[in-house]
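Student: start.cif (mmCIF, C-alpha atoms) pasted underneath:
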data_protein
#
loop_
_atom_site.group_PDB
_atom_site.id
_atom_site.type_symbol
_atom_site.label_atom_id
_atom_site.label_comp_id
_atom_site.auth_asym_id
_atom_site.auth_seq_id
_atom_site.Cartn_x
_atom_site.Cartn_y
_atom_site.Cartn_z
ATOM 1 C CA GLY A 1 72.833 143.415 91.347
ATOM 2 C CA ASN A 2 69.260 142.503 90.507
ATOM 3 C CA SER A 3 66.668 143.887 92.911
ATOM 4 C CA VAL A 4 63.092 145.070 93.220
ATOM 5 C CA THR A 5 61.700 147.956 95.284
ATOM 6 C CA GLN A 6 58.044 148.239 96.251
ATOM 7 C CA MET A 7 56.329 151.200 97.861
ATOM 8 C CA GLU A 8 56.276 151.100 101.640
ATOM 9 C CA GLY A 9 53.361 150.115 103.813
ATOM 10 C CA PRO A 10 49.972 148.415 103.555
ATOM 11 C CA VAL A 11 47.262 149.740 101.267
ATOM 12 C CA THR A 12 43.732 150.095 102.572
ATOM 13 C CA LEU A 13 40.947 151.151 100.244
ATOM 14 C CA SER A 14 37.223 150.882 99.729
ATOM 15 C CA GLU A 15 35.507 148.485 97.354
ATOM 16 C CA GLU A 16 35.391 149.786 93.757
ATOM 17 C CA ALA A 17 38.320 152.142 94.357
ATOM 18 C CA PHE A 18 41.310 152.376 91.999
ATOM 19 C CA LEU A 19 44.412 150.482 93.091
ATOM 20 C CA THR A 20 48.026 151.288 92.229
ATOM 21 C CA ILE A 21 51.055 149.555 93.712
ATOM 22 C CA ASN A 22 54.410 150.955 92.639
ATOM 23 C CA CYS A 23 57.338 148.720 91.687
ATOM 24 C CA THR A 24 60.754 149.706 90.374
ATOM 25 C CA TYR A 25 63.667 147.451 89.571
ATOM 26 C CA THR A 26 67.405 147.332 89.042
ATOM 27 C CA ALA A 27 68.754 144.660 86.758
ATOM 28 C CA THR A 28 71.536 143.748 84.397
ATOM 29 C CA GLY A 29 70.563 142.480 80.995
ATOM 30 C CA TYR A 30 66.916 141.992 80.031
ATOM 31 C CA PRO A 31 64.814 140.908 82.988
ATOM 32 C CA SER A 32 61.356 139.409 82.922
ATOM 33 C CA LEU A 33 58.934 141.026 85.362
ATOM 34 C CA PHE A 34 56.179 139.443 87.432
ATOM 35 C CA TRP A 35 53.491 140.166 89.954
ATOM 36 C CA TYR A 36 52.745 137.343 92.402
ATOM 37 C CA VAL A 37 49.830 137.361 94.848
ATOM 38 C CA GLN A 38 49.371 135.571 98.138
ATOM 39 C CA TYR A 39 45.792 135.183 99.336
ATOM 40 C CA PRO A 40 45.228 134.426 103.042
ATOM 41 C CA GLY A 41 46.198 130.847 103.856
ATOM 42 C CA GLU A 42 47.463 130.107 100.357
ATOM 43 C CA GLY A 43 50.809 129.907 98.560
ATOM 44 C CA LEU A 44 52.217 132.501 96.197
ATOM 45 C CA GLN A 45 50.659 132.403 92.761
ATOM 46 C CA LEU A 46 51.458 134.183 89.531
ATOM 47 C CA LEU A 47 49.123 137.084 88.800
ATOM 48 C CA LEU A 48 50.687 138.432 85.599
ATOM 49 C CA LYS A 49 53.983 138.847 83.798
ATOM 50 C CA ALA A 50 55.753 140.801 81.051
ATOM 51 C CA THR A 51 58.888 139.636 79.320
ATOM 52 C CA LYS A 52 60.104 142.651 77.326
ATOM 53 C CA ALA A 53 59.909 146.424 77.270
ATOM 54 C CA ASP A 54 56.449 147.939 76.591
ATOM 55 C CA ASP A 55 54.715 144.589 77.129
ATOM 56 C CA LYS A 56 51.540 144.779 79.200
ATOM 57 C CA GLY A 57 50.637 141.886 81.458
ATOM 58 C CA SER A 58 47.006 141.496 82.497
ATOM 59 C CA ASN A 59 44.859 139.090 84.486
ATOM 60 C CA LYS A 60 41.702 139.276 86.624
ATOM 61 C CA GLY A 61 41.320 143.001 85.872
ATOM 62 C CA PHE A 62 44.887 143.782 86.981
ATOM 63 C CA GLU A 63 47.406 145.320 84.571
ATOM 64 C CA ALA A 64 51.080 146.247 84.620
ATOM 65 C CA THR A 65 53.270 147.669 81.842
ATOM 66 C CA TYR A 66 57.008 146.977 81.544
ATOM 67 C CA ARG A 67 58.608 150.452 81.344
ATOM 68 C CA LYS A 68 62.290 150.200 80.575
ATOM 69 C CA GLU A 69 62.837 153.967 80.511
ATOM 70 C CA THR A 70 61.637 154.335 84.109
ATOM 71 C CA THR A 71 62.585 150.778 85.207
ATOM 72 C CA SER A 72 59.075 150.324 86.544
ATOM 73 C CA PHE A 73 56.279 147.741 86.539
ATOM 74 C CA HIS A 74 53.424 149.325 88.496
ATOM 75 C CA LEU A 75 50.329 147.230 89.218
ATOM 76 C CA GLU A 76 46.888 148.758 88.636
ATOM 77 C CA LYS A 77 43.254 147.743 88.919
ATOM 78 C CA GLY A 78 40.374 150.011 88.123
ATOM 79 C CA SER A 79 37.794 148.720 90.608
ATOM 80 C CA VAL A 80 38.882 146.488 93.468
ATOM 81 C CA GLN A 81 36.723 143.938 95.258
ATOM 82 C CA VAL A 82 36.911 142.568 98.789
ATOM 83 C CA SER A 83 38.234 139.330 97.282
ATOM 84 C CA ASP A 84 41.334 141.210 96.060
ATOM 85 C CA SER A 85 42.533 141.524 99.662
ATOM 86 C CA ALA A 86 45.934 139.830 99.651
ATOM 87 C CA VAL A 87 49.684 140.465 99.694
ATOM 88 C CA TYR A 88 51.147 141.471 96.321
ATOM 89 C CA PHE A 89 54.796 140.891 95.390
ATOM 90 C CA CYS A 90 56.664 142.370 92.456
ATOM 91 C CA ALA A 91 59.487 140.165 91.175
ATOM 92 C CA LEU A 92 62.054 139.906 88.413
ATOM 93 C CA SER A 93 64.027 137.149 86.765
ATOM 94 C CA ALA A 94 67.336 137.955 85.112
ATOM 95 C CA TRP A 95 69.616 134.965 85.517
ATOM 96 C CA GLY A 96 68.700 132.997 82.429
ATOM 97 C CA ASN A 97 66.665 130.622 84.554
ATOM 98 C CA ASN A 98 63.518 131.446 86.509
ATOM 99 C CA ARG A 99 65.176 132.345 89.788
ATOM 100 C CA LEU A 100 63.202 135.278 91.198
ATOM 101 C CA ALA A 101 64.140 138.393 93.138
ATOM 102 C CA PHE A 102 61.159 139.746 95.077
ATOM 103 C CA GLY A 103 60.178 143.071 96.542
ATOM 104 C CA LYS A 104 59.017 143.252 100.157
ATOM 105 C CA GLY A 105 55.355 142.940 99.228
ATOM 106 C CA ASN A 106 52.333 145.129 99.890
ATOM 107 C CA GLN A 107 49.358 144.051 101.947
ATOM 108 C CA VAL A 108 46.150 145.242 100.285
ATOM 109 C CA VAL A 109 42.986 145.414 102.383
ATOM 110 C CA VAL A 110 39.722 146.187 100.607
ATOM 111 C CA ILE A 111 36.893 147.345 102.857
ATOM 112 C CA PRO A 112 33.261 146.743 101.815
ATOM 113 C CA GLY B 1 47.472 117.122 89.302
ATOM 114 C CA ALA B 2 48.352 118.228 92.789
ATOM 115 C CA GLY B 3 50.342 121.367 93.430
ATOM 116 C CA VAL B 4 53.644 121.740 95.242
ATOM 117 C CA SER B 5 53.426 120.132 98.650
ATOM 118 C CA GLN B 6 55.618 121.023 101.620
ATOM 119 C CA SER B 7 55.899 119.322 104.977
ATOM 120 C CA PRO B 8 55.714 119.926 107.796
ATOM 121 C CA ARG B 9 53.633 123.096 107.576
ATOM 122 C CA TYR B 10 54.899 124.226 110.981
ATOM 123 C CA LYS B 11 58.039 123.275 112.852
ATOM 124 C CA VAL B 12 59.248 124.421 116.250
ATOM 125 C CA ALA B 13 62.884 123.590 116.952
ATOM 126 C CA LYS B 14 65.032 124.198 119.956
ATOM 127 C CA ARG B 15 68.188 126.144 119.267
ATOM 128 C CA GLY B 16 70.921 123.756 118.224
ATOM 129 C CA GLN B 17 68.542 121.114 116.884
ATOM 130 C CA ASP B 18 68.753 119.842 113.290
ATOM 131 C CA VAL B 19 65.668 120.098 111.053
ATOM 132 C CA ALA B 20 64.670 118.691 107.670
ATOM 133 C CA LEU B 21 62.060 120.316 105.461
ATOM 134 C CA ARG B 22 60.495 118.415 102.584
ATOM 135 C CA CYS B 23 59.251 119.579 99.202
ATOM 136 C CA ASP B 24 57.207 117.478 96.752
ATOM 137 C CA PRO B 25 57.187 119.389 93.454
ATOM 138 C CA ILE B 26 54.636 119.018 90.708
ATOM 139 C CA SER B 27 55.308 115.769 88.868
ATOM 140 C CA GLY B 28 57.553 116.240 85.833
ATOM 141 C CA HIS B 29 58.802 119.676 86.838
ATOM 142 C CA VAL B 30 62.473 120.079 86.033
ATOM 143 C CA SER B 31 63.350 123.141 88.083
ATOM 144 C CA LEU B 32 63.084 123.413 91.847
ATOM 145 C CA PHE B 33 63.895 126.432 94.021
ATOM 146 C CA TRP B 34 64.072 127.051 97.746
ATOM 147 C CA TYR B 35 63.405 130.519 99.184
ATOM 148 C CA GLN B 36 63.515 131.922 102.708
ATOM 149 C CA GLN B 37 60.916 134.498 103.730
ATOM 150 C CA ALA B 38 61.444 136.448 106.923
ATOM 151 C CA LEU B 39 58.485 138.139 108.582
ATOM 152 C CA GLY B 40 57.339 141.178 106.611
ATOM 153 C CA GLN B 41 59.837 140.587 103.809
ATOM 154 C CA GLY B 42 59.752 139.130 100.329
ATOM 155 C CA PRO B 43 61.138 135.660 99.645
ATOM 156 C CA GLU B 44 64.924 135.450 99.275
ATOM 157 C CA PHE B 45 66.593 132.888 97.008
ATOM 158 C CA LEU B 46 68.449 130.040 98.683
ATOM 159 C CA THR B 47 69.223 127.393 96.061
ATOM 160 C CA TYR B 48 68.227 125.966 92.660
ATOM 161 C CA PHE B 49 68.056 122.465 91.199
ATOM 162 C CA GLN B 50 67.670 121.364 87.630
ATOM 163 C CA ASN B 51 66.583 117.750 87.937
ATOM 164 C CA GLU B 52 69.003 116.259 90.498
ATOM 165 C CA ALA B 53 71.796 118.759 89.859
ATOM 166 C CA GLN B 54 72.189 121.636 92.277
ATOM 167 C CA LEU B 55 73.205 124.398 89.880
ATOM 168 C CA ASP B 56 73.202 127.369 92.244
ATOM 169 C CA LYS B 57 73.561 127.433 96.012
ATOM 170 C CA SER B 58 74.799 130.987 96.296
ATOM 171 C CA GLY B 59 71.866 132.040 98.484
ATOM 172 C CA LEU B 60 72.459 129.558 101.297
ATOM 173 C CA PRO B 61 73.302 131.765 104.302
ATOM 174 C CA SER B 62 75.824 129.439 105.937
ATOM 175 C CA ASP B 63 77.318 125.964 105.752
ATOM 176 C CA ARG B 64 74.652 124.867 108.242
ATOM 177 C CA PHE B 65 72.201 124.859 105.336
ATOM 178 C CA PHE B 66 72.195 121.926 102.946
ATOM 179 C CA ALA B 67 69.756 120.917 100.198
ATOM 180 C CA GLU B 68 69.418 117.818 98.080
ATOM 181 C CA ARG B 69 67.226 116.373 95.352
ATOM 182 C CA PRO B 70 68.761 112.946 94.773
ATOM 183 C CA GLU B 71 66.295 111.526 92.247
ATOM 184 C CA GLY B 72 65.257 114.737 90.595
ATOM 185 C CA SER B 73 61.855 114.930 92.267
ATOM 186 C CA VAL B 74 61.457 115.317 96.062
ATOM 187 C CA SER B 75 63.839 117.782 97.683
ATOM 188 C CA THR B 76 64.927 118.217 101.285
ATOM 189 C CA LEU B 77 66.330 121.351 102.889
ATOM 190 C CA LYS B 78 68.314 120.554 106.007
ATOM 191 C CA ILE B 79 69.391 123.063 108.609
ATOM 192 C CA GLN B 80 71.942 121.936 111.158
ATOM 193 C CA ARG B 81 72.351 123.437 114.637
ATOM 194 C CA THR B 82 69.449 125.840 114.165
ATOM 195 C CA GLN B 83 69.786 129.414 115.376
ATOM 196 C CA GLN B 84 67.095 131.967 116.188
ATOM 197 C CA GLU B 85 67.874 133.899 113.017
ATOM 198 C CA ASP B 86 66.829 130.832 111.018
ATOM 199 C CA SER B 87 63.203 131.457 112.037
ATOM 200 C CA ALA B 88 61.329 132.141 108.805
ATOM 201 C CA VAL B 89 58.959 130.614 106.272
ATOM 202 C CA TYR B 90 60.761 128.324 103.836
ATOM 203 C CA LEU B 91 59.150 128.207 100.404
ATOM 204 C CA CYS B 92 59.650 125.670 97.673
ATOM 205 C CA ALA B 93 58.789 126.388 94.030
ATOM 206 C CA SER B 94 58.878 124.202 90.951
ATOM 207 C CA SER B 95 58.510 124.844 87.247
ATOM 208 C CA LEU B 96 58.238 122.780 84.110
ATOM 209 C CA TRP B 97 61.301 124.324 82.469
ATOM 210 C CA GLN B 98 64.184 126.503 83.524
ATOM 211 C CA GLY B 99 63.552 129.412 81.136
ATOM 212 C CA GLN B 100 63.510 132.947 82.494
ATOM 213 C CA ASN B 101 59.833 133.479 81.597
ATOM 214 C CA THR B 102 58.565 130.210 83.014
ATOM 215 C CA GLU B 103 55.913 130.371 85.717
ATOM 216 C CA ALA B 104 56.987 129.096 89.109
ATOM 217 C CA PHE B 105 54.457 127.227 91.270
ATOM 218 C CA PHE B 106 54.879 127.696 94.993
ATOM 219 C CA GLY B 107 54.035 125.507 97.942
ATOM 220 C CA GLN B 108 52.403 126.927 101.063
ATOM 221 C CA GLY B 109 55.701 126.880 102.883
ATOM 222 C CA THR B 110 57.065 125.553 106.161
ATOM 223 C CA ARG B 111 57.054 128.016 109.042
ATOM 224 C CA LEU B 112 60.128 127.336 111.177
ATOM 225 C CA THR B 113 60.333 128.814 114.653
ATOM 226 C CA VAL B 114 63.562 128.372 116.586
ATOM 227 C CA VAL B 115 63.191 128.823 120.343
#
What would the structure in this file look like if it were written as structure tokens?

Tutor:
Amino acid sequence: GNSVTQMEGPVTLSEEAFLTINCTYTATGYPSLFWYVQYPGEGLQLLLKATKADDKGSNKGFEATYRKETTSFHLEKGSVQVSDSAVYFCALSAWGNNRLAFGKGNQVVVIP
Amino acid sequence: GAGVSQSPRYKVAKRGQDVALRCDPISGHVSLFWYQQALGQGPEFLTYFQNEAQLDKSGLPSDRFFAERPEGSVSTLKIQRTQQEDSAVYLCASSLWQGQNTEAFFGQGTRLTVV
């Protein structure tokens, strides 16, 4: 079936540090890949997406590259800020509509 | 315009009680999804509407769960005879089209606690 796996556990890091959150997927066909973010007290919102192999999605200094050979879509940011503290979800869509399968999410805490 | 609105934001139900959760999608959005998010987990798909047609209900966990969208806008998720395992955040999402790459806009969710 279609599924997403995210690395275990929360991520705590200092301001201006480099952030990586790992995401791998299993899917039939040609999935689209997404990162959604949930800031405290808010709903899920789209951070970035990639719709085919080797595409790079980017937004707000975050990047992720669709790697078909490793079935991965890792999220990176070169210099995090306190305002990046949130829960990050990797997701895929592979049903021909925009139904999403999510990973478990990673809580990111950025310390000043 | 306004985003996706869900009500109530919080609901406490006694075990065995029926509940109804409401979703007001963004005006004009064709697709509407319901997801269930247990504590510490990612959202799990429940059901999908395209306009008023329920095209996929494969994620509904039991026949106690029922969803409708009679006029193709507002949707209601109903849970009959609630059980403790139904405690979760219920998320609604809408999108302009049904294409695989289309951005979904999420509401803030309804947190259901069954006691």

Student: Evaluate the PyMOL selection byres ((chain B and resi 12) around 10) and record the selected residues as a list in words, following the chain and residue labels used in the document.

Tutor: Tyr10, Lys11, Ala13, Lys14, Arg15, Gln17, Val19, Ser87, Arg111, Leu112, Thr113, Val114 and Val115 of chain B

Student: How close does chain B get to chain A? List, as a tab-separated table, each residue of chain B within 6 Å, its nearest atom pair and the distance in Å to one decimal, counting all atoms listed in the file.

Tutor:
residue	atom	partner	partner_atom	distance
B:Gln41	CA	A:Lys104	CA	4.6
B:Gly42	CA	A:Lys104	CA	4.2
B:Gln98	CA	A:Asn97	CA	4.9
B:Gly99	CA	A:Asn97	CA	4.8
B:Gln100	CA	A:Asn98	CA	4.3
B:Phe106	CA	A:Leu44	CA	5.6
B:Gly107	CA	A:Gly43	CA	5.5
B:Gln108	CA	A:Gly43	CA	4.2

Student: Starting from the PyMOL selection byres ((chain A and resi 67) around 12), expand the selection into actual residues of this file and give them as a list in words.

Tutor: Cys23, Thr24, Tyr25, Tyr30, Pro31, Ser32, Leu33, Ala50, Thr51, Lys52, Ala53, Asp54, Asp55, Lys56, Gly57, Ala64, Thr65, Tyr66, Lys68, Glu69, Thr70, Thr71, Ser72, Phe73, His74 and Leu75 of chain A

Student: Within 6 Å of (58.9, 135.7, 108.1) (coordinates as in the file), grab all the protein and nucleic acid residues, counting only C-alpha atoms, and write them out as a JSON list (two decimals) with C-alpha atoms, in the coordinates of the input.

Tutor:
[["chain", "number", "residue", "atom", "x", "y", "z"],
["B", 37, "GLN", "CA", 60.92, 134.50, 103.73],
["B", 38, "ALA", "CA", 61.44, 136.45, 106.92],
["B", 39, "LEU", "CA", 58.48, 138.14, 108.58],
["B", 40, "GLY", "CA", 57.34, 141.18, 106.61],
["B", 88, "ALA", "CA", 61.33, 132.14, 108.80],
["B", 89, "VAL", "CA", 58.96, 130.61, 106.27]]

Student: Provide an axis-aligned box for all listed atoms of segment 98-110 of chain B, padding each side by 8 Å; report its centre and its edge lengths in Å to one decimal, as AutoDock Vina command-line options.

Tutor:
--center_x 58.3 --center_y 129.5 --center_z 93.6 --size_x 27.8 --size_y 24.0 --size_z 41.0

Student: So the first atom is atom CA of Val80 of chain A and the second is atom CA of Gly9 of chain A; what is the distance between them in Å, to one decimal place?

Tutor: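 Computing it gives 18.2 Å between the two atoms.
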
Student: Taking the file above as input, evaluate the PyMOL selection byres ((chain A and resi 12) around 9) and report the hits as a list of chain:residue names.

Tutor: A:Pro10, A:Val11, A:Leu13, A:Ser14, A:Gln107, A:Val108, A:Val109, A:Val110, A:Ile111

Student: Between atom CA of Phe62 of chain A and atom CA of Met7 of chain A, what is the distance in Å, rounded to a tenth?

Tutor: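 These two atoms are separated by 17.4 Å.
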
Student: One decimal, in Å: what's the spacing between atom CA of Phe65 of chain B and atom CA of Gln80 of chain B?

Tutor: 6.5 Å

Student: Between B:Ile79, B:Leu96, B:Val4, B:Val30, which one has atoms that come closest to Asp63 of chain B, using only C-alpha atoms?

Tutor: B:Ile79

Student: Give me the residues within 10 Å of Ser27 of chain B as a PyMOL selection string, counting only C-alpha atoms and dropping any in the same chain fewer than 5 places off.

Tutor: chain B and resi 1-4+73-74+94-96

Student: Counting only C-alpha atoms, which residues sit no farther than 12 Å from the position (66.1, 115.9, 98.5) in the file's frame? I'd like them as a ChimeraX atom specification.

Tutor: /B:20-25,32-34,48-49,51-54,66-78,92

Student: Using all atoms listed in the file, can you tell me which of B:Asp18, B:Asp56, B:Glu44, B:Glu103 comes closest to Gln83 of chain B?

Tutor: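 Using all atoms listed in the file, Gln83 of chain B sits closest to B:Asp18.
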
Student: Name the closest residue to Glu76 of chain A among the candidates A:Pro40, A:Leu19, A:Thr26, A:Ser58; distances are taken between atoms, counting only C-alpha atoms.

Tutor: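 Residue with the minimum atom-to-atom distance to Glu76 of chain A: A:Leu19.
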
Student: Hey, which of B:Leu55, B:Leu60, B:Ala104, B:Leu91 ends up closest to Pro43 of chain B? Count all atoms listed in the file.

Tutor: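 Between B:Leu55, B:Leu60, B:Ala104, B:Leu91, the residue approaching Pro43 of chain B most closely is B:Leu91.
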